[in-house]
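Trainee: The structure's right below; bear with me while I get my questions together.
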Amino acid sequence: MKKILNDPFRYVDEMLEGLCAAHPQHYQQRGPHGRVIARAGGAVSGKVGLVTGGGSGHLPVFTGYVGKGLLDACAIGDVFASPSVDQMADAIHAADGGAGVLLIYGNYGGDVMNFDMAAEMVDMEGIATETALVADDVASAPLAEREKRRGVAGMVYGFKLAGAKAEAGADLPTVAATARKALDATRSIGVALTPCTVPQVGKPTFQLGEDEMEIGMGIHGEPGIQRGKLQTADEIASTMVDALLEDMPLASGDRVSVMCNSLGATPPEELYIVHRYVAGRLRELGAEIVMPLVGRYATSMEMAGMSVTFCRLDEELEQLLQAPCDCAFWRV
Amino acid sequence: MKKILNDPFRYVDEMLEGLCAAHPQHYQQRGPHGRVIARAGGAVSGKVGLVTGGGSGHLPVFTGYVGKGLLDACAIGDVFASPSVDQMADAIHAADGGAGVLLIYGNYGGDVMNFDMAAEMVDMEGIATETALVADDVASAPLAEREKRRGVAGMVYGFKLAGAKAEAGADLPTVAATARKALDATRSIGVALTPCTVPQVGKPTFQLGEDEMEIGMGIHGEPGIQRGKLQTADEIASTMVDALLEDMPLASGDRVSVMCNSLGATPPEELYIVHRYVAGRLRELGAEIVMPLVGRYATSMEMAGMSVTFCRLDEELEQLLQAPCDCAFWRV
Amino acid sequence: MAESLTTEVLRDAIRRLSAQAESCADELSAIDGALGDGDLGVTLVRGMRSVAEQADDLPPDLGAALLQCAKALVSLSGSTYGTLLATGVMSAAKAVRGRTEVGWRETADLLGGALEAMQRRGKAELGDKTVLDAVAATVEALRLAETPDAMLPAARQAVREAIAEFRDRAARQGRARMFGENSVGKDDPGMVAWLRLLEGLA
Amino acid sequence: MAESLTTEVLRDAIRRLSAQAESCADELSAIDGALGDGDLGVTLVRGMRSVAEQADDLPPDLGAALLQCAKALVSLSGSTYGTLLATGVMSAAKAVRGRTEVGWRETADLLGGALEAMQRRGKAELGDKTVLDAVAATVEALRLAETPDAMLPAARQAVREAIAEFRDRAARQGRARMFGENSVGKDDPGMVAWLRLLEGLA
Ligand SMILES: Nc1ncnc2c1ncn2[C@@H]1O[C@H](COP(=O)(O)OP(=O)(O)O)[C@@H](O)[C@H]1O
Ligand SMILES: Nc1ncnc2c1ncn2[C@@H]1O[C@H](COP(=O)(O)OP(=O)(O)O)[C@@H](O)[C@H]1O
Ligand SMILES: [Mg+2]
Ligand SMILES: [Mg+2]
Ligand SMILES: [Mg+2]
Ligand SMILES: [Mg+2]
């Protein structure tokens, strides 16, 4: 896949420069190397801070979701690579308004190691942190080993719901508990149609035949659960919805937000074709869709494919989902 | 390029079904075949209606921009194909609040023919219309033959500025004049890196070598002005900015909105790298960027590439740009 | 041919044209496939079906009847041909508004007016190798005809000659234009379609 | 080796380790290239440079000095090795907080504590063929050493043996794990890096 870039090793830094130049009212670069993005207004005094972090190449994830009602700061690694411990510590500092900081990010080895370390470092300075790991990808491990699952698009619900809770003034244990409740009620699964290319590597992350797709593939090309011939939208959607419902059954009367998310190249036209099917399935079940999200919420640069996420809502979560939020990529 | 779809001949209809299922608060299907999308609330009595139309495959263009402060209705053709005269007439009816209707759409032969015909038809029923043609693509004809230029991403500024004027209660001649003033101050140019595939056709719309790009290519693959080796982001951006400035010089103190728009597959990361360059160039000139737009505003499904648009603002246009608007794809 | 055009005559013509569209559809789509997107047959069938569906409800006012036909013609397709035909019919509708009868000598002028409207609509010139050149040939033949019965045969003959004449020229409008010199030697789909319609009227 | 660990001794060790990192960088990156992403040499150089930069400013409180080292270690890289080393150093920092001197017999326990912290951090087991196995061998050798001067030679010998022992096993952690059986026969980059650091200390 062809890319519009200059030096591949400056990809992330130039991207962040452009991001902050375009949206100075939302984002501010921080840290000695500019690899932390904080809310333009800085930390909110007395509010629990929300910090995330991870590799680049997933916009709006992670950086994009820094904003009111969402995150306070984000540590940014190279494309598909973990940020460093001190970038994470810088992000925690940038988010700390004196009420502690929730670390909410995807379950990837390097990120976990580094965030744990950063948390210990700031702990010695007296900043309390809690962690909520996103592990929503049902294709990445069986339900019995749920803690091994990868974090994918479902993290957006984590950001939104915990972000709204923090904005409402809840304390750190409460915000952490809400984040965990939200993530516990969130399940995702994806399908990849083409790979993408990490700029510093210069060749596709994996190979997929001209007429093949892989259901359950991770956002960095991690192996999925079913590789086969490209199927119709309804067939693909049906496989994905079945997998989600098996993992988290929905019943008549349940209220649920659904996200049909493009991994990058797949256009919204196709997402709507899939949404049409997904909405039909939930209607059959008698479940009610609340605030469906259709678009590019968590991507892998120019990868073709998509993911479907269900987030089952109780009254509290539904209110938090509808609460206002504002960043350059999403406004409620 | 692989697509997630069912019957290629139902691509547009299933897409519209999904769109309205996901966003019933924004969109409503109209017309005997559902090929008109109107604001969920219907026409606004006493307000000038804004109607557009064109082929599918460009989301958010055209349909997506139906909403408050933007369009009232849209006629929707098959992918890259003109809607029919009677769909356009239906759209005009759906938008008519008794104060006349502005037709604002891209300068493509079939669309012009059909909209002119539709205008004559509704004229016989007493609905007054005016037309504002979008012809912003500087690569599609020299300045001397400006009326032959194609309409591309710049139409979004037309929708926004005329939409805000209509929302403010201006009469049809005034809204039309504002639309023309806005479009007159708008210039775009694009670069294509890969083709896209029309579902009903099933093969790419054109060929481009593994390491090639084409500057000035149209959003349906119409020929551009310079095909050559893929260059760096700054080189590409420099060629595009030069072309725009030659066509519409900007001077110190000018206020201008810039749009870095992905044609589909090109991720926002790369748009920000280009925005960084474009912002630098305008800063050098002493021109002030107002409300830059970076994202997917006018696409060609999964085509890789991007366009840059400049919209030079006077006081009135700047106020209209900042005025509130709301659709599923854009909120100000 | 009847001495004058009435809604009754129009109704009869619609039935013939509609039947003719069905039987020529495949041929026309194939020709359009060679120089365009291959939808011309389908376009004509759909358009004529929707006109025929309401043939029974046409009012005696010829202007109103033709307007109704024009609207029906554009009810489905987003194609150039449908829009152009509808444009022509609408021009005629405006010209005879309020009348229930039009004498045979007037029909050439009616079609001439339609031709002008179609030219304005499509921004094409005579000589661009489009349906316009077939319509122009028809207008000329109708003007020269000395009796009502001589009209149609003369028109068909003139259009056949026009098709032959344009065969070896390059198309300068619509999708066929993209074929450039490759359009030389091929008949313009729109002209052939016009000939088939005239043949169907007899 | 000195009889006890002080900030002065630490400062001297940092200078040696830093020089050693520079001279082994290419070798280590090459080994990491064969079983990972090839950044281990760069990681070590960057990390040690940033530790060395502030060696002169280290306070006499050993705990504070080590904490400062840990922070400097993670200042640049997002790599596993950097995080693990920093984790170990931070564990030691906590253990000696407020002290200015640590006797040589205690160092084995300090490193043992660091090992446990690294294990917790990386969620790896001993035997997974990682740097942990080299650190474990080091702890064992330090425990058995009878004089300060015997410590380093014994540790180096033990790590060389560990590397040889693990060579024919498959890696079970980190990027090397993806190589599966292809990792058999290859040395773990993290273990080799640990050996080179020990060699640099002498
Ligand atoms: N601008 C134009 N003016 C007049 N006739 C045109 C024009 N463009 C195309 N045509 C005629 O229309 C015919 C094609 O009709 P149709 O298949 O409906 O077009 P499309 O599928 O491209 O919309 C051509 O063969 C030509 O005769
Ligand atoms: N989970 C783990 N626990 C302990 N050591 C590990 C772990 N994962 C990797 N290692 C060690 O780290 C070394 C690689 O370090 P480094 O190149 O920094 O990793 P990466 O580039 O993958 O982040 C491996 O050779 C191994 O010794
Ligand atoms: Mg055609
Ligand atoms: Mg057509
Ligand atoms: Mg490595
Ligand atoms: Mg690495």
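Chain labels follow the order of the structure tokens: the first chain is A, the next B, and so on; residue numbering restarts at 1 in every chain, and ligands are counted from 1 in their shown order.
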For Asp234 in chain B, please output as number ranges by chain all residues within 7 Å (counting only C-alpha atoms; exclusion window: fewer than 6 positions along the same chain).

Mentor: A: 6; B: 274, 277

Trainee: Residues of chain B near chain C: apply a cut-off of 6 Å, count only C-alpha atoms, and supply the list as a PDB file with N, CA and C atoms, in the first residue's frame.

Mentor:
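The result, written out as iface30.pdb:
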ATOM      1  N   SER B  82     -25.302   9.229 -12.119  1.00  0.00           N
ATOM      2  CA  SER B  82     -26.244  10.307 -11.831  1.00  0.00           C
ATOM      3  C   SER B  82     -27.576   9.766 -11.305  1.00  0.00           C
ATOM      4  N   PRO B  83     -28.178  10.461 -10.344  1.00  0.00           N
ATOM      5  CA  PRO B  83     -29.557  10.114  -9.980  1.00  0.00           C
ATOM      6  C   PRO B  83     -30.472  10.504 -11.136  1.00  0.00           C
ATOM      7  N   SER B  84     -31.710   9.992 -11.112  1.00  0.00           N
ATOM      8  CA  SER B  84     -32.627  10.319 -12.193  1.00  0.00           C
ATOM      9  C   SER B  84     -33.325  11.646 -11.933  1.00  0.00           C
ATOM     10  N   VAL B  85     -33.909  12.187 -13.005  1.00  0.00           N
ATOM     11  CA  VAL B  85     -34.615  13.467 -12.921  1.00  0.00           C
ATOM     12  C   VAL B  85     -35.699  13.432 -11.847  1.00  0.00           C
ATOM     13  N   ASP B  86     -36.443  12.347 -11.816  1.00  0.00           N
ATOM     14  CA  ASP B  86     -37.574  12.366 -10.873  1.00  0.00           C
ATOM     15  C   ASP B  86     -37.104  12.186  -9.433  1.00  0.00           C
ATOM     16  N   MET B 113     -27.593  17.962 -16.562  1.00  0.00           N
ATOM     17  CA  MET B 113     -28.738  17.709 -17.443  1.00  0.00           C
ATOM     18  C   MET B 113     -29.983  17.362 -16.623  1.00  0.00           C
TER      19      MET B 113
END

Trainee: Write out as a list of chain:residue names which residues come within 6 Å of Met259 in chain B when counting only C-alpha atoms, dropping same-chain ones fewer than 3 positions away.

Mentor: B:Pro292, B:Leu293, B:Val294, B:Val308, B:Thr309

Trainee: Now that the selection is made, can you save its residues with C-alpha atoms as a PDB file, in the first residue's frame?

Mentor:
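part_9.pdb, freshly written:
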ATOM      1  CA  PRO B 292      -8.978  23.621   9.245  1.00  0.00           C
ATOM      2  CA  LEU B 293     -10.724  20.406   8.241  1.00  0.00           C
ATOM      3  CA  VAL B 294      -8.661  17.231   8.272  1.00  0.00           C
ATOM      4  CA  VAL B 308      -6.313  19.851  -0.511  1.00  0.00           C
ATOM      5  CA  THR B 309      -8.924  22.610  -0.637  1.00  0.00           C
TER       6      THR B 309
END

Trainee: Would you list the residues that come within 8 Å of ligand 1? Count only C-alpha atoms and all ligand atoms and give the answer as JSON, numbers by chain.

Mentor: {"B": [109, 110], "C": [29, 32, 35, 36, 37, 38, 39, 40, 41, 43, 78, 79, 80, 81, 82, 83, 84, 118, 119, 121, 122, 123, 124, 125, 129, 130, 131, 132, 173, 174, 175, 176, 188, 189, 190, 191]}

Trainee: One number please: CA of Leu183 in chain A to CA of Val134 in chain A, in Å, one decimal.

Mentor: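 Between these atoms lies a distance of 6.4 Å.
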
Trainee: Could you please select, counting only C-alpha atoms, the residues of chain A within 6 Å of chain B and state them as a list of chain:residue names?

Mentor: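 Those within range of chain B come out as A:Ile4, A:Leu5, A:Asn6, A:Glu14, A:Met15, A:Gly18, A:Leu19, A:Ala22, A:Thr232, A:Ala233, A:Ala265, A:Pro267, A:Glu269, A:Glu270, A:Tyr272, A:Ile273, A:His275, A:Arg276, A:Pro292, A:Met301, A:Glu302.
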
Trainee: Which neighbours of Arg143 in chain D fall inside 12 Å, counting only C-alpha atoms, when residues of the same chain fewer than 3 positions from it are skipped, and could you give them as an mmCIF file with N, CA and C atoms, in the first residue's frame?

Mentor:
data_model
loop_
_atom_site.group_PDB
_atom_site.id
_atom_site.type_symbol
_atom_site.label_atom_id
_atom_site.label_comp_id
_atom_site.auth_asym_id
_atom_site.auth_seq_id
_atom_site.Cartn_x
_atom_site.Cartn_y
_atom_site.Cartn_z
ATOM 1 N N TRP D 104 29.142 -6.454 50.513
ATOM 2 C CA TRP D 104 29.189 -7.305 49.316
ATOM 3 C C TRP D 104 28.333 -8.549 49.445
ATOM 4 N N ARG D 105 28.190 -9.053 50.665
ATOM 5 C CA ARG D 105 27.388 -10.281 50.826
ATOM 6 C C ARG D 105 25.911 -10.027 50.531
ATOM 7 N N GLU D 106 25.490 -8.764 50.666
ATOM 8 C CA GLU D 106 24.065 -8.430 50.445
ATOM 9 C C GLU D 106 23.680 -8.353 48.977
ATOM 10 N N THR D 107 24.721 -8.189 48.116
ATOM 11 C CA THR D 107 24.374 -7.902 46.718
ATOM 12 C C THR D 107 23.604 -9.053 46.053
ATOM 13 N N ALA D 108 23.882 -10.271 46.459
ATOM 14 C CA ALA D 108 23.158 -11.403 45.860
ATOM 15 C C ALA D 108 21.666 -11.279 46.149
ATOM 16 N N ASP D 109 21.336 -10.914 47.378
ATOM 17 C CA ASP D 109 19.919 -10.771 47.717
ATOM 18 C C ASP D 109 19.276 -9.598 46.988
ATOM 19 N N LEU D 110 20.059 -8.520 46.854
ATOM 20 C CA LEU D 110 19.528 -7.370 46.120
ATOM 21 C C LEU D 110 19.142 -7.774 44.695
ATOM 22 N N LEU D 111 20.081 -8.502 44.058
ATOM 23 C CA LEU D 111 19.812 -8.942 42.681
ATOM 24 C C LEU D 111 18.685 -9.967 42.651
ATOM 25 N N GLY D 112 18.612 -10.787 43.696
ATOM 26 C CA GLY D 112 17.504 -11.746 43.781
ATOM 27 C C GLY D 112 16.167 -11.024 43.839
ATOM 28 N N ALA D 136 19.149 -15.161 37.006
ATOM 29 C CA ALA D 136 19.044 -16.219 38.024
ATOM 30 C C ALA D 136 20.387 -16.912 38.211
ATOM 31 N N ALA D 137 21.077 -17.207 37.112
ATOM 32 C CA ALA D 137 22.394 -17.841 37.200
ATOM 33 C C ALA D 137 23.365 -16.923 37.937
ATOM 34 N N THR D 138 23.243 -15.641 37.685
ATOM 35 C CA THR D 138 24.116 -14.667 38.352
ATOM 36 C C THR D 138 23.878 -14.659 39.859
ATOM 37 N N VAL D 139 22.608 -14.621 40.246
ATOM 38 C CA VAL D 139 22.266 -14.600 41.668
ATOM 39 C C VAL D 139 22.871 -15.817 42.365
ATOM 40 N N GLU D 140 22.702 -16.967 41.753
ATOM 41 C CA GLU D 140 23.214 -18.219 42.295
ATOM 42 C C GLU D 140 24.735 -18.155 42.502
ATOM 43 N N GLU D 146 32.941 -16.759 47.673
ATOM 44 C CA GLU D 146 33.446 -16.679 49.050
ATOM 45 C C GLU D 146 34.178 -15.396 49.352
ATOM 46 N N THR D 147 34.581 -14.694 48.299
ATOM 47 C CA THR D 147 35.222 -13.380 48.488
ATOM 48 C C THR D 147 34.634 -12.410 47.469
ATOM 49 N N PRO D 148 34.764 -11.117 47.750
ATOM 50 C CA PRO D 148 34.281 -10.127 46.788
ATOM 51 C C PRO D 148 34.921 -10.342 45.423
ATOM 52 N N ALA D 150 35.874 -12.973 43.974
ATOM 53 C CA ALA D 150 35.433 -14.192 43.278
ATOM 54 C C ALA D 150 34.079 -13.986 42.606
ATOM 55 N N MET D 151 33.372 -12.947 43.007
ATOM 56 C CA MET D 151 31.973 -12.781 42.562
ATOM 57 C C MET D 151 31.831 -12.649 41.049
ATOM 58 N N LEU D 152 32.474 -11.641 40.471
ATOM 59 C CA LEU D 152 32.252 -11.375 39.050
ATOM 60 C C LEU D 152 32.690 -12.511 38.140
ATOM 61 N N ALA D 154 32.870 -15.641 38.775
ATOM 62 C CA ALA D 154 31.931 -16.756 38.930
ATOM 63 C C ALA D 154 30.623 -16.464 38.202
ATOM 64 N N ALA D 155 30.163 -15.230 38.319
ATOM 65 C CA ALA D 155 28.911 -14.857 37.667
ATOM 66 C C ALA D 155 29.031 -14.987 36.150
ATOM 67 N N ALA D 158 28.972 -18.557 35.156
ATOM 68 C CA ALA D 158 27.631 -19.145 35.299
ATOM 69 C C ALA D 158 26.726 -18.716 34.149
#
